[in-house]
$ cat input_0.cif   # mmCIF, C-alpha atoms
data_data
#
loop_
_atom_site.label_atom_id
_atom_site.label_comp_id
_atom_site.auth_asym_id
_atom_site.auth_seq_id
_atom_site.Cartn_x
_atom_site.Cartn_y
_atom_site.Cartn_z
CA MET H 1 -11.60 -48.71 1.24
CA LYS H 2 -10.39 -45.13 1.26
CA ALA H 3 -7.01 -44.13 2.64
CA ALA H 4 -6.91 -42.16 5.89
CA VAL H 5 -6.03 -38.47 5.70
CA PHE H 6 -2.43 -37.70 4.79
CA ASP H 7 -0.37 -34.79 3.56
CA TYR H 8 1.72 -35.03 0.39
CA GLU H 9 5.01 -33.59 -0.81
CA LYS H 10 6.93 -34.20 -4.01
CA PRO H 11 10.50 -32.91 -3.69
CA GLN H 12 12.98 -32.78 -6.58
CA HIS H 13 16.11 -33.80 -4.66
CA SER H 14 17.03 -36.69 -2.37
CA GLU H 15 18.27 -34.31 0.33
CA ASP H 16 14.89 -32.58 0.45
CA ALA H 17 13.04 -35.88 0.62
CA VAL H 18 15.19 -37.08 3.53
CA ARG H 19 14.77 -33.73 5.30
CA LEU H 20 10.97 -33.91 4.97
CA VAL H 21 10.71 -37.45 6.31
CA ALA H 22 13.28 -36.82 9.09
CA ALA H 23 11.38 -33.69 10.18
CA SER H 24 8.03 -35.50 10.24
CA GLY H 25 8.68 -37.14 13.60
CA GLY H 26 8.03 -40.67 12.40
CA ILE H 27 4.73 -40.04 10.61
CA GLY H 28 6.22 -39.61 7.15
CA LYS H 29 6.84 -42.31 4.60
CA TYR H 30 8.57 -42.39 1.22
CA VAL H 31 6.43 -43.46 -1.69
CA ALA H 32 7.15 -44.03 -5.37
CA GLY H 33 4.64 -45.96 -7.49
CA SER H 34 2.32 -46.66 -4.52
CA GLN H 35 1.52 -50.11 -5.89
CA SER H 36 2.09 -51.82 -2.53
CA LEU H 37 1.59 -48.90 -0.15
CA GLY H 38 -1.54 -47.73 -2.01
CA PRO H 39 -3.51 -50.92 -1.36
CA MET H 40 -2.25 -51.04 2.23
CA MET H 41 -3.39 -47.47 2.79
CA ASN H 42 -6.79 -48.11 1.18
CA LEU H 43 -7.19 -51.10 3.50
CA ARG H 44 -5.89 -48.90 6.37
CA PHE H 45 -3.15 -51.39 7.23
CA ALA H 46 -0.89 -48.37 6.78
CA GLN H 47 -1.81 -44.85 7.83
CA PRO H 48 1.18 -42.57 7.29
CA GLU H 49 0.28 -38.93 7.85
CA LEU H 50 2.75 -37.66 5.28
CA LEU H 51 3.72 -39.18 1.95
CA VAL H 52 6.94 -37.96 0.38
CA ASP H 53 6.71 -38.86 -3.30
CA VAL H 54 10.21 -39.54 -4.63
CA ARG H 55 9.22 -39.83 -8.30
CA GLY H 56 10.32 -36.25 -8.89
CA ILE H 57 13.94 -37.12 -8.07
CA ALA H 58 15.65 -37.70 -11.43
CA ALA H 59 18.75 -39.30 -9.86
CA LEU H 60 16.67 -42.24 -8.64
CA ARG H 61 15.79 -43.19 -12.21
CA GLU H 62 19.39 -43.44 -13.42
CA CYS H 63 21.71 -46.38 -14.07
CA HIS H 64 25.47 -46.19 -13.58
CA ASP H 65 27.81 -48.59 -15.30
CA GLU H 66 30.80 -49.01 -12.98
CA GLY H 67 32.67 -51.58 -15.06
CA THR H 68 32.51 -54.76 -13.02
CA HIS H 69 29.34 -53.55 -11.28
CA GLY H 70 26.24 -51.63 -12.23
CA VAL H 71 23.96 -49.43 -10.15
CA LEU H 72 20.22 -49.35 -10.78
CA GLY H 73 18.29 -46.43 -9.32
CA ALA H 74 15.50 -47.23 -6.89
CA GLY H 75 12.97 -45.28 -8.95
CA ILE H 76 13.28 -47.46 -12.06
CA THR H 77 9.96 -49.16 -12.79
CA HIS H 78 9.40 -52.86 -13.36
CA ALA H 79 8.13 -52.05 -16.87
CA GLN H 80 11.38 -50.21 -17.71
CA ILE H 81 13.33 -53.32 -16.72
CA GLU H 82 10.88 -55.57 -18.61
CA ASP H 83 11.19 -53.41 -21.74
CA ARG H 84 15.01 -53.28 -21.43
CA VAL H 85 15.07 -49.50 -21.63
CA VAL H 86 17.53 -49.48 -18.72
CA ASP H 87 20.98 -51.09 -18.62
CA ASP H 88 20.96 -54.88 -18.38
CA TYR H 89 23.63 -55.98 -15.88
CA THR H 90 22.24 -59.49 -15.44
CA GLN H 91 22.23 -61.07 -18.90
CA GLY H 92 18.46 -60.79 -19.17
CA LEU H 93 17.60 -62.23 -15.75
CA MET H 94 15.97 -59.07 -14.42
CA ALA H 95 14.00 -58.47 -17.63
CA TYR H 96 12.70 -62.04 -17.44
CA VAL H 97 11.69 -61.63 -13.80
CA ALA H 98 10.13 -58.19 -14.37
CA ARG H 99 7.70 -59.56 -16.94
CA GLY H 100 6.22 -61.83 -14.27
CA ILE H 101 5.68 -59.15 -11.62
CA ALA H 102 1.98 -58.47 -10.97
CA TYR H 103 0.36 -56.95 -14.07
CA ARG H 104 1.46 -54.44 -16.67
CA ALA H 105 -0.62 -51.64 -15.13
CA VAL H 106 1.20 -52.25 -11.84
CA ARG H 107 4.60 -52.62 -13.51
CA ASN H 108 4.17 -49.25 -15.21
CA ARG H 109 4.19 -47.48 -11.84
CA GLY H 110 5.74 -49.87 -9.31
CA THR H 111 9.46 -49.44 -8.75
CA LEU H 112 12.48 -51.60 -7.99
CA GLY H 113 13.23 -49.60 -4.83
CA GLY H 114 9.65 -49.52 -3.63
CA SER H 115 9.40 -53.29 -3.84
CA LEU H 116 12.73 -53.78 -2.04
CA ALA H 117 11.84 -51.33 0.74
CA HIS H 118 8.44 -52.97 1.16
CA ALA H 119 10.23 -56.33 1.54
CA ASP H 120 7.34 -58.70 1.01
CA PRO H 121 9.02 -62.15 1.23
CA ALA H 122 6.86 -63.37 -1.70
CA ALA H 123 7.84 -60.51 -4.03
CA ASP H 124 10.34 -60.95 -6.83
CA TRP H 125 13.09 -58.36 -6.40
CA ILE H 126 13.76 -59.05 -2.74
CA ASN H 127 14.65 -62.61 -3.74
CA VAL H 128 16.49 -61.77 -6.95
CA MET H 129 18.67 -59.14 -5.24
CA SER H 130 19.61 -61.69 -2.60
CA GLY H 131 20.55 -64.16 -5.33
CA LEU H 132 22.62 -61.48 -7.06
CA ASP H 133 24.27 -60.54 -3.74
CA ALA H 134 23.39 -56.87 -4.41
CA GLU H 135 24.46 -53.97 -2.25
CA PHE H 136 21.71 -51.64 -1.06
CA LEU H 137 22.42 -47.91 -1.28
CA MET H 138 20.65 -45.58 1.12
CA ALA H 139 20.44 -41.89 1.84
CA GLY H 140 19.71 -40.65 5.35
CA PRO H 141 20.11 -37.59 7.56
CA GLN H 142 23.76 -38.59 8.19
CA GLY H 143 24.46 -39.06 4.49
CA ALA H 144 24.80 -42.10 2.29
CA ARG H 145 25.41 -45.61 3.54
CA THR H 146 25.51 -49.08 2.06
CA VAL H 147 24.20 -52.39 3.35
CA LYS H 148 25.19 -55.82 2.08
CA SER H 149 22.53 -58.09 0.69
CA ALA H 150 22.70 -60.47 3.65
CA ASP H 151 21.95 -57.60 6.05
CA TRP H 152 19.10 -56.02 4.07
CA MET H 153 16.07 -58.07 4.92
CA ILE H 154 15.61 -58.63 8.64
CA GLY H 155 12.21 -60.28 8.33
CA ALA H 156 8.92 -60.00 6.52
CA PHE H 157 8.32 -56.35 5.64
CA THR H 158 11.34 -55.36 7.72
CA THR H 159 14.63 -54.07 6.31
CA ALA H 160 17.81 -52.33 7.42
CA LEU H 161 16.17 -48.99 6.60
CA GLU H 162 15.71 -46.62 9.52
CA PRO H 163 12.41 -44.69 9.28
CA GLU H 164 14.15 -41.64 7.82
CA ASP H 165 16.37 -43.59 5.39
CA MET H 166 15.58 -43.72 1.70
CA LEU H 167 16.70 -46.55 -0.56
CA THR H 168 18.37 -44.87 -3.54
CA GLY H 169 19.51 -47.89 -5.56
CA VAL H 170 21.18 -51.26 -5.73
CA ARG H 171 24.69 -52.13 -6.86
CA ILE H 172 24.92 -55.43 -8.71
CA ARG H 173 27.99 -57.35 -9.75
CA LYS H 174 27.46 -57.84 -13.48
CA LEU H 175 26.87 -61.38 -14.65
CA SER H 176 29.35 -62.69 -17.24
CA ALA H 177 28.23 -63.21 -20.83
CA SER H 178 28.53 -66.97 -20.24
CA ALA H 179 26.48 -66.93 -17.03
CA ARG H 180 23.55 -69.30 -16.76
CA TRP H 181 20.49 -68.41 -14.70
CA SER H 182 17.09 -69.83 -14.01
CA TYR H 183 14.12 -68.45 -12.11
CA TYR H 184 11.01 -70.35 -11.17
CA LYS H 185 8.01 -68.84 -9.45
CA PHE H 186 5.00 -70.82 -8.32
CA ASN H 187 1.70 -69.02 -7.98
CA ARG H 188 -1.86 -70.12 -8.52
CA LYS H 189 -2.64 -67.24 -10.86
CA PRO H 190 -0.22 -65.22 -13.01
CA GLY H 191 0.73 -61.99 -11.27
CA GLU H 192 -0.08 -63.05 -7.75
CA PHE H 193 2.51 -63.01 -5.02
CA ALA H 194 4.49 -66.23 -5.11
CA GLU H 195 3.90 -69.32 -3.01
CA ALA H 196 7.43 -70.45 -3.84
CA ILE H 197 10.40 -68.93 -5.64
CA ALA H 198 13.63 -70.59 -6.72
CA LEU H 199 16.59 -68.94 -8.37
CA VAL H 200 19.85 -70.43 -9.61
CA ILE H 201 22.75 -68.31 -10.88
CA ASP H 202 25.73 -70.19 -12.28
CA ASP H 203 28.43 -67.74 -13.36
CA ALA H 204 31.50 -69.97 -13.60
CA ALA H 205 33.64 -67.19 -15.08
CA ALA H 206 33.09 -65.18 -11.89
CA GLY H 207 33.46 -68.23 -9.65
CA VAL H 208 29.83 -67.96 -8.51
CA CYS H 209 27.19 -70.66 -8.31
CA ARG H 210 24.31 -69.71 -6.03
CA ALA H 211 20.81 -71.00 -5.48
CA LEU H 212 18.02 -69.43 -3.54
CA ILE H 213 14.83 -70.65 -1.90
CA GLY H 214 12.42 -67.75 -1.63
CA ALA H 215 8.87 -66.77 -0.72
CA LEU H 216 9.44 -68.03 2.81
CA ASP H 217 8.07 -66.52 6.03
CA GLY H 218 11.01 -64.12 6.21
CA ALA H 219 14.22 -63.49 4.29
CA PRO H 220 15.07 -65.91 1.49
CA HIS H 221 17.44 -68.83 2.07
CA LEU H 222 20.62 -68.47 0.06
CA ILE H 223 22.74 -71.47 -0.90
CA ALA H 224 26.09 -69.77 -1.44
CA ASP H 225 27.73 -72.76 -3.15
CA ALA H 226 25.18 -74.63 -5.22
CA ARG H 227 27.57 -76.52 -7.51
CA ALA H 228 26.78 -79.92 -5.99
CA LEU H 229 23.05 -79.15 -6.16
CA VAL H 230 23.16 -78.19 -9.81
CA ALA H 231 24.96 -81.49 -10.53
CA ASP H 232 22.51 -83.55 -8.46
CA ALA H 233 19.05 -82.12 -7.80
CA SER H 234 17.58 -85.33 -6.42
CA ALA H 235 15.05 -85.13 -3.59
CA ALA H 236 17.72 -86.39 -1.20
CA ALA H 237 20.19 -83.73 -2.30
CA LEU H 238 17.56 -80.97 -1.99
CA GLU H 239 16.31 -82.04 1.43
CA PRO H 240 19.00 -80.56 3.71
CA HIS H 241 18.67 -77.18 1.98
CA LEU H 242 14.88 -77.15 2.27
CA LEU H 243 15.14 -78.05 5.96
CA ASP H 244 17.79 -75.34 6.45
CA ALA H 245 15.33 -72.91 4.90
CA GLY H 246 12.95 -73.71 7.75
CA LEU H 247 10.51 -75.77 5.73
CA GLU H 248 8.81 -78.66 7.48
CA ALA H 249 9.29 -82.03 5.76
CA GLY H 250 6.05 -83.32 4.26
CA SER H 251 4.26 -79.97 4.41
CA TYR H 252 2.64 -78.28 1.42
CA GLU H 253 5.16 -75.44 1.68
CA TYR H 254 8.03 -77.92 1.58
CA GLN H 255 6.59 -79.59 -1.51
CA VAL H 256 6.03 -76.39 -3.52
CA HIS H 257 9.49 -75.09 -2.66
CA ARG H 258 11.08 -78.41 -3.53
CA VAL H 259 9.34 -78.53 -6.89
CA ALA H 260 10.22 -74.89 -7.61
CA LEU H 261 13.91 -75.55 -6.92
CA GLU H 262 13.86 -78.79 -8.93
CA ARG H 263 12.32 -77.03 -11.89
CA ALA H 264 14.71 -74.08 -11.68
CA ILE H 265 17.69 -76.43 -11.70
CA ALA H 266 16.18 -78.54 -14.51
CA ALA H 267 15.64 -75.42 -16.66
CA LEU H 268 19.21 -74.28 -15.98
CA ARG H 269 20.57 -77.64 -17.07
CA THR H 270 18.33 -77.88 -20.15
CA HIS H 271 18.27 -74.32 -21.43
CA GLY H 272 21.08 -72.50 -19.61
CA ARG H 273 18.67 -69.63 -19.13
CA ASN H 274 14.87 -69.51 -19.01
CA PRO H 275 13.55 -69.32 -22.58
CA GLN H 276 12.40 -65.72 -23.09
CA MET F 1 -14.75 -31.44 4.78
CA SER F 2 -13.73 -27.80 5.17
CA ASP F 3 -11.13 -28.60 7.79
CA THR F 4 -9.45 -31.29 5.73
CA LEU F 5 -6.34 -30.66 3.81
CA LYS F 6 -6.70 -29.83 0.15
CA LYS F 7 -3.94 -29.15 -2.32
CA PRO F 8 -3.93 -27.68 -5.81
CA LEU F 9 -3.73 -30.14 -8.69
CA GLN F 10 -3.28 -29.48 -12.38
CA LEU F 11 -3.36 -32.23 -14.96
CA THR F 12 -4.77 -33.09 -18.35
CA VAL F 13 -7.83 -35.33 -18.56
CA ASN F 14 -8.91 -36.55 -21.98
CA ALA F 15 -6.88 -33.81 -23.68
CA ALA F 16 -8.48 -31.01 -21.63
CA PRO F 17 -6.61 -29.11 -18.89
CA VAL F 18 -8.09 -29.58 -15.41
CA ALA F 19 -7.32 -27.52 -12.30
CA ALA F 20 -8.78 -28.55 -8.96
CA PHE F 21 -8.16 -28.75 -5.24
CA VAL F 22 -7.98 -32.29 -3.90
CA GLU F 23 -7.33 -34.07 -0.66
CA PRO F 24 -4.10 -36.05 -1.13
CA ARG F 25 -5.97 -39.15 0.01
CA THR F 26 -8.36 -38.95 -2.96
CA HIS F 27 -7.36 -41.59 -5.45
CA LEU F 28 -7.47 -40.95 -9.16
CA ALA F 29 -10.57 -43.10 -9.75
CA ASP F 30 -12.62 -41.14 -7.20
CA PHE F 31 -11.27 -37.86 -8.57
CA LEU F 32 -12.34 -38.79 -12.11
CA ARG F 33 -15.76 -40.09 -11.06
CA GLU F 34 -16.72 -37.64 -8.35
CA THR F 35 -15.29 -34.35 -9.58
CA GLN F 36 -14.98 -34.83 -13.34
CA MET F 37 -18.16 -36.91 -13.72
CA LEU F 38 -16.22 -39.43 -15.77
CA THR F 39 -18.07 -42.47 -14.48
CA GLY F 40 -16.87 -44.78 -17.25
CA THR F 41 -14.00 -45.68 -14.94
CA ASN F 42 -15.39 -48.33 -12.62
CA ILE F 43 -14.18 -49.12 -9.14
CA GLY F 44 -14.09 -52.78 -8.18
CA CYS F 45 -11.77 -53.99 -5.44
CA GLU F 46 -10.09 -50.67 -4.60
CA GLN F 47 -6.88 -52.50 -3.76
CA GLY F 48 -5.25 -52.89 -7.15
CA VAL F 49 -6.32 -56.46 -7.88
CA CYS F 50 -9.34 -56.43 -10.20
CA GLY F 51 -8.30 -53.98 -12.94
CA ALA F 52 -11.77 -52.42 -13.41
CA CYS F 53 -10.36 -48.94 -12.76
CA THR F 54 -7.51 -49.18 -15.28
CA VAL F 55 -6.94 -45.90 -17.15
CA MET F 56 -4.04 -44.52 -19.17
CA VAL F 57 -1.59 -42.25 -17.35
CA ASP F 58 1.05 -40.72 -19.61
CA GLY F 59 0.34 -43.32 -22.27
CA ALA F 60 0.58 -46.39 -20.05
CA PRO F 61 -2.15 -48.35 -18.26
CA ALA F 62 -2.37 -47.67 -14.52
CA ARG F 63 -4.63 -48.63 -11.63
CA SER F 64 -6.49 -45.46 -10.76
CA CYS F 65 -7.67 -46.81 -7.37
CA ILE F 66 -4.17 -47.10 -5.92
CA THR F 67 -2.77 -43.98 -7.54
CA PRO F 68 -3.44 -40.77 -5.61
CA ALA F 69 -4.88 -38.09 -7.89
CA ILE F 70 -2.28 -35.65 -6.59
CA ALA F 71 0.48 -38.00 -7.77
CA CYS F 72 -0.82 -37.33 -11.31
CA ALA F 73 0.01 -33.62 -11.23
CA GLY F 74 1.18 -32.67 -14.71
CA ALA F 75 0.19 -36.04 -16.15
CA GLN F 76 -1.91 -36.86 -19.19
CA VAL F 77 -4.80 -39.02 -18.02
CA ARG F 78 -7.02 -40.75 -20.55
CA THR F 79 -10.18 -42.55 -19.48
CA ILE F 80 -12.51 -44.72 -21.53
CA GLU F 81 -14.47 -41.56 -22.42
CA GLY F 82 -11.29 -40.22 -24.02
CA PHE F 83 -11.26 -43.04 -26.55
CA ASP F 84 -14.57 -42.22 -28.27
CA ASP F 85 -12.81 -41.25 -31.50
CA ASP F 86 -9.91 -43.67 -31.25
CA ALA F 87 -9.79 -45.99 -34.28
CA LEU F 88 -8.18 -48.90 -32.45
CA MET F 89 -10.57 -48.63 -29.50
CA ASN F 90 -13.49 -48.67 -31.91
CA GLU F 91 -12.12 -51.83 -33.53
CA LEU F 92 -11.93 -53.37 -30.06
CA ARG F 93 -15.48 -52.25 -29.17
CA THR F 94 -16.82 -53.85 -32.34
CA ALA F 95 -14.86 -57.04 -31.66
CA PHE F 96 -16.08 -57.15 -28.02
CA SER F 97 -19.67 -56.96 -29.29
CA ALA F 98 -19.13 -59.56 -32.01
CA GLU F 99 -17.43 -62.04 -29.67
CA HIS F 100 -19.78 -61.53 -26.71
CA ALA F 101 -16.86 -60.27 -24.66
CA LEU F 102 -19.05 -58.46 -22.17
CA GLN F 103 -22.21 -59.15 -20.26
CA CYS F 104 -22.72 -56.80 -17.32
CA GLY F 105 -19.99 -54.51 -18.64
CA TYR F 106 -18.50 -53.62 -15.28
CA CYS F 107 -15.00 -54.81 -16.13
CA THR F 108 -15.21 -53.61 -19.74
CA PRO F 109 -13.63 -50.12 -19.49
CA GLY F 110 -10.58 -51.62 -17.77
CA MET F 111 -10.56 -54.57 -20.17
CA LEU F 112 -10.60 -52.25 -23.17
CA VAL F 113 -7.76 -50.10 -21.86
CA THR F 114 -5.69 -53.24 -21.19
CA ALA F 115 -6.71 -54.78 -24.52
CA ARG F 116 -5.64 -51.68 -26.42
CA ASP F 117 -2.26 -51.77 -24.65
CA ILE F 118 -1.83 -55.44 -25.61
CA VAL F 119 -2.59 -54.73 -29.28
CA MET F 120 -0.26 -51.70 -29.36
CA ARG F 121 2.62 -53.22 -27.39
CA LEU F 122 2.45 -56.88 -28.37
CA PRO F 123 1.23 -57.10 -31.98
CA ASP F 124 2.63 -60.64 -32.26
CA ALA F 125 0.97 -61.97 -29.09
CA ASP F 126 -0.47 -65.47 -29.26
CA ASP F 127 -3.51 -66.51 -27.20
CA ALA F 128 -1.39 -67.68 -24.28
CA ARG F 129 0.35 -64.31 -24.07
CA VAL F 130 -2.97 -62.45 -24.35
CA ARG F 131 -4.29 -64.48 -21.43
CA VAL F 132 -1.24 -63.75 -19.28
CA GLU F 133 -1.42 -60.05 -20.12
CA LEU F 134 -5.14 -60.01 -19.26
CA SER F 135 -4.59 -61.71 -15.92
CA GLY F 136 -4.75 -58.40 -14.06
CA ASN F 137 -8.31 -57.71 -15.21
CA LEU F 138 -11.02 -59.80 -13.60
CA CYS F 139 -14.34 -60.60 -15.27
CA ARG F 140 -17.00 -62.32 -13.18
CA CYS F 141 -19.69 -63.02 -15.77
CA THR F 142 -18.87 -63.85 -19.39
CA GLY F 143 -15.51 -65.34 -18.57
CA TYR F 144 -12.44 -64.77 -20.64
CA VAL F 145 -12.98 -66.83 -23.78
CA GLY F 146 -14.92 -64.12 -25.57
CA ILE F 147 -12.54 -61.40 -24.43
CA VAL F 148 -9.49 -63.31 -25.68
CA ARG F 149 -11.28 -63.96 -28.98
CA ALA F 150 -12.13 -60.28 -29.36
CA ILE F 151 -8.51 -59.26 -28.87
CA ARG F 152 -7.45 -62.09 -31.20
CA ARG F 153 -9.85 -60.76 -33.86
CA VAL F 154 -8.29 -57.27 -33.71
CA LEU F 155 -4.72 -58.61 -33.66
CA ASP F 156 -5.46 -60.84 -36.66
CA ALA F 157 -7.18 -58.05 -38.59
CA ARG F 158 -4.26 -55.73 -38.05
CA ARG F 159 -1.77 -58.40 -39.02
CA ALA F 160 -3.75 -59.14 -42.20
CA ALA F 161 -3.91 -55.42 -43.02
CA ALA F 162 -0.17 -55.05 -42.49
CA ALA F 163 0.48 -58.00 -44.83
CA GLN F 164 -1.63 -56.52 -47.68
CA PRO F 165 0.39 -54.90 -50.47
CA ARG F 166 -0.33 -51.21 -50.33
CA THR F 167 -2.46 -49.87 -53.18
CA VAL F 168 -1.52 -46.69 -54.99
CA ALA F 169 -4.45 -44.93 -53.30
CA SER F 170 -3.53 -45.97 -49.75
CA ALA F 171 0.12 -45.18 -50.34
CA ALA F 172 -0.91 -41.73 -51.55
CA ALA F 173 -3.16 -41.28 -48.53
CA ALA F 174 -0.33 -42.31 -46.22
CA ALA F 175 1.99 -39.82 -47.91
#
$ encode --input "input_0.cif" --output "structure tokens"
Amino acid sequence: MKAAVFDYEKPQHSEDAVRLVAASGGIGKYVAGSQSLGPMMNLRFAQPELLVDVRGIAALRECHDEGTHGVLGAGITHAQIEDRVVDDYTQGLMAYVARGIAYRAVRNRGTLGGSLAHADPAADWINVMSGLDAEFLMAGPQGARTVKSADWMIGAFTTALEPEDMLTGVRIRKLSASARWSYYKFNRKPGEFAEAIALVIDDAAAGVCRALIGALDGAPHLIADARALVADASAAALEPHLLDAGLEAGSYEYQVHRVALERAIAALRTHGRNPQ
Amino acid sequence: MSDTLKKPLQLTVNAAPVAAFVEPRTHLADFLRETQMLTGTNIGCEQGVCGACTVMVDGAPARSCITPAIACAGAQVRTIEGFDDDALMNELRTAFSAEHALQCGYCTPGMLVTARDIVMRLPDADDARVRVELSGNLCRCTGYVGIVRAIRRVLDARRAAAAQPRTVASAAAAA
């Protein structure tokens, strides 16, 4: 239960972090809060020989209000989002979700970017960013590049990041003041990774009504136009979407995802947003 | 171990400066227990699930088993031993005793650190919220009823104290 031997660096600038990982010949890995990588290293599922700690890079902890969009730095912690000490671009959705991530001691150190780069299908941000259609901002040896939400998650624990790329932040289209949203996560014990996730975002002013089925085997299943589903969330109306998501009719997984989506839609219709 | 990599580390532990050389792979819990002899921090699962190793890092609870010691360079670390003279922690200790909130005591240091954070951060928490906030700390013997009651007792006492009109003497003492 002890991590294998590794070296450790904590640079102050993104360029230095990228240079260190690029020069490591594939043995280096970025780390921020170490709340996912730490357990994996203790269990020796992961044995990087160099950790490049990016928590010293101030730029990763910043938010940038770009008018219609907002950028959240990858180094922002879940607790900062929960406590609303960073900009809220999502009308409270992210703060609501953050409060349900793992436990406070984990949220104090775990970061938005770390979770997204780790890309556990049952984690919260990977699903929420898909629902928000976020852009993923990366720094690499060739400079900065951007990946659309649909191209971020290739599969479980696999993203568009090359080994030397660092996720620096996400760009989110701001939700309108009138936007409705609802998030439902099913897990057996608070704080565990989800068995099913459902998210509905209805932002009529922006012409957006999306639903998402998450905590699948791989990337979440996005329903780009969920207007009909929000109007009629009957089992028959849900079925084609659940099958499209790769769920097998009659299975336990199908049932928990169906109920999660039903409840997310019901909460949206009743409350507009999840009661805080 | 002479051929293994060690790096210099400076941090503050329980208000005292500490300088040491550590292997980067040494997590904070092992560093505190093995080199600082602060064995009040218990190690349970060593994968961030059970909460027994919870300590304060820069004023916020953190899992010391999944935080490398070297990642705490420059940080203020406070373990259960660092709360000996802390008024709120002493209220919690008394309440834990009164409510039978511990039996073997293995989870207790982590429980107390989490409990103190709940009382400080969520003074209006109801029992349901206390339970959710405690869900990252596992107890395998007394169960959670006594622990929730102990936290409830401290929350209620502090609420009652805050509602009392201040006497001339206490106002003078506060000034």
$ atom_distance --input "input_0.cif" --atom1 "atom CA of H:Asp244" --atom2 "atom CA of H:Val147"
24.0 Å
$ closest_residue --input "input_0.cif" --among "H:Ala211, H:Leu261, H:Met40, H:Ala119" --to "H:Leu167" --atoms "all atoms listed in the file"
H:Ala119
$ resolve_selection --input "input_0.cif" --expression "the PyMOL selection byres ((chain F) within 6 of (chain H))" --output "ChimeraX atom specification"
/F:25,47,61-62,66,136
$ residues_around --input "input_0.cif" --residues "stretch 179-182 of chain H" --least-positions-apart "5" --cutoff "12 Å" --atoms "all atoms listed in the file" --output "ChimeraX atom specification"
/H:89-94,96-97,128,131-132,174,197-212,230,260-276
$ residues_near_point --input "input_0.cif" --point "(11.6, -65.2, -2.8)" --cutoff "8 Å" --atoms "all atoms listed in the file" --output "VMD selection string"
chain H and resid 121 to 128 194 196 to 198 212 to 216 219 to 220
$ closest_residue --input "input_0.cif" --among "H:Gln12, H:Ser130, H:Asn187, H:Thr168" --to "H:Ala144" --atoms "only C-alpha atoms"
H:Thr168
$ residues_near_point --input "input_0.cif" --point "(-13.4, -53.9, -29.2)" --cutoff "9 Å" --atoms "all atoms listed in the file" --output "list in words"
Leu88, Met89, Asn90, Glu91, Leu92, Arg93, Thr94, Ala95, Phe96, Ser97, Ala98, Ala101, Leu112, Ala115, Arg116, Ile147, Ala150, Ile151 and Val154 of chain F
$ atom_distance --input "input_0.cif" --atom1 "atom CA of H:Ala224" --atom2 "atom CA of H:Ile172"
16.1 Å
$ resolve_selection --input "input_0.cif" --expression "the PyMOL selection byres ((chain H and resi 117) around 10)" --output "tab-separated table (two decimals) with C-alpha atoms, in the frame of the given file"
chain	number	residue	atom	x	y	z
H	30	TYR	CA	8.57	-42.39	1.22
H	31	VAL	CA	6.43	-43.46	-1.69
H	74	ALA	CA	15.50	-47.23	-6.89
H	111	THR	CA	9.46	-49.44	-8.75
H	112	LEU	CA	12.48	-51.60	-7.99
H	113	GLY	CA	13.23	-49.60	-4.83
H	114	GLY	CA	9.65	-49.52	-3.63
H	115	SER	CA	9.40	-53.29	-3.84
H	116	LEU	CA	12.73	-53.78	-2.04
H	118	HIS	CA	8.44	-52.97	1.16
H	119	ALA	CA	10.23	-56.33	1.54
H	120	ASP	CA	7.34	-58.70	1.01
H	126	ILE	CA	13.76	-59.05	-2.74
H	152	TRP	CA	19.10	-56.02	4.07
H	153	MET	CA	16.07	-58.07	4.92
H	157	PHE	CA	8.32	-56.35	5.64
H	158	THR	CA	11.34	-55.36	7.72
H	159	THR	CA	14.63	-54.07	6.31
H	160	ALA	CA	17.81	-52.33	7.42
H	161	LEU	CA	16.17	-48.99	6.60
H	166	MET	CA	15.58	-43.72	1.70
H	167	LEU	CA	16.70	-46.55	-0.56
$ resolve_selection --input "input_0.cif" --expression "the PyMOL selection byres ((chain F and resi 138-142) around 9)" --output "count of residues only"
23
$ atom_distance --input "input_0.cif" --atom1 "atom CA of H:Lys148" --atom2 "atom CA of H:Arg258"
27.2 Å
$ closest_residue --input "input_0.cif" --among "F:Ala87, F:Ala29, F:Ala20, F:Ala125" --to "F:Thr54" --atoms "all atoms listed in the file"
F:Ala29
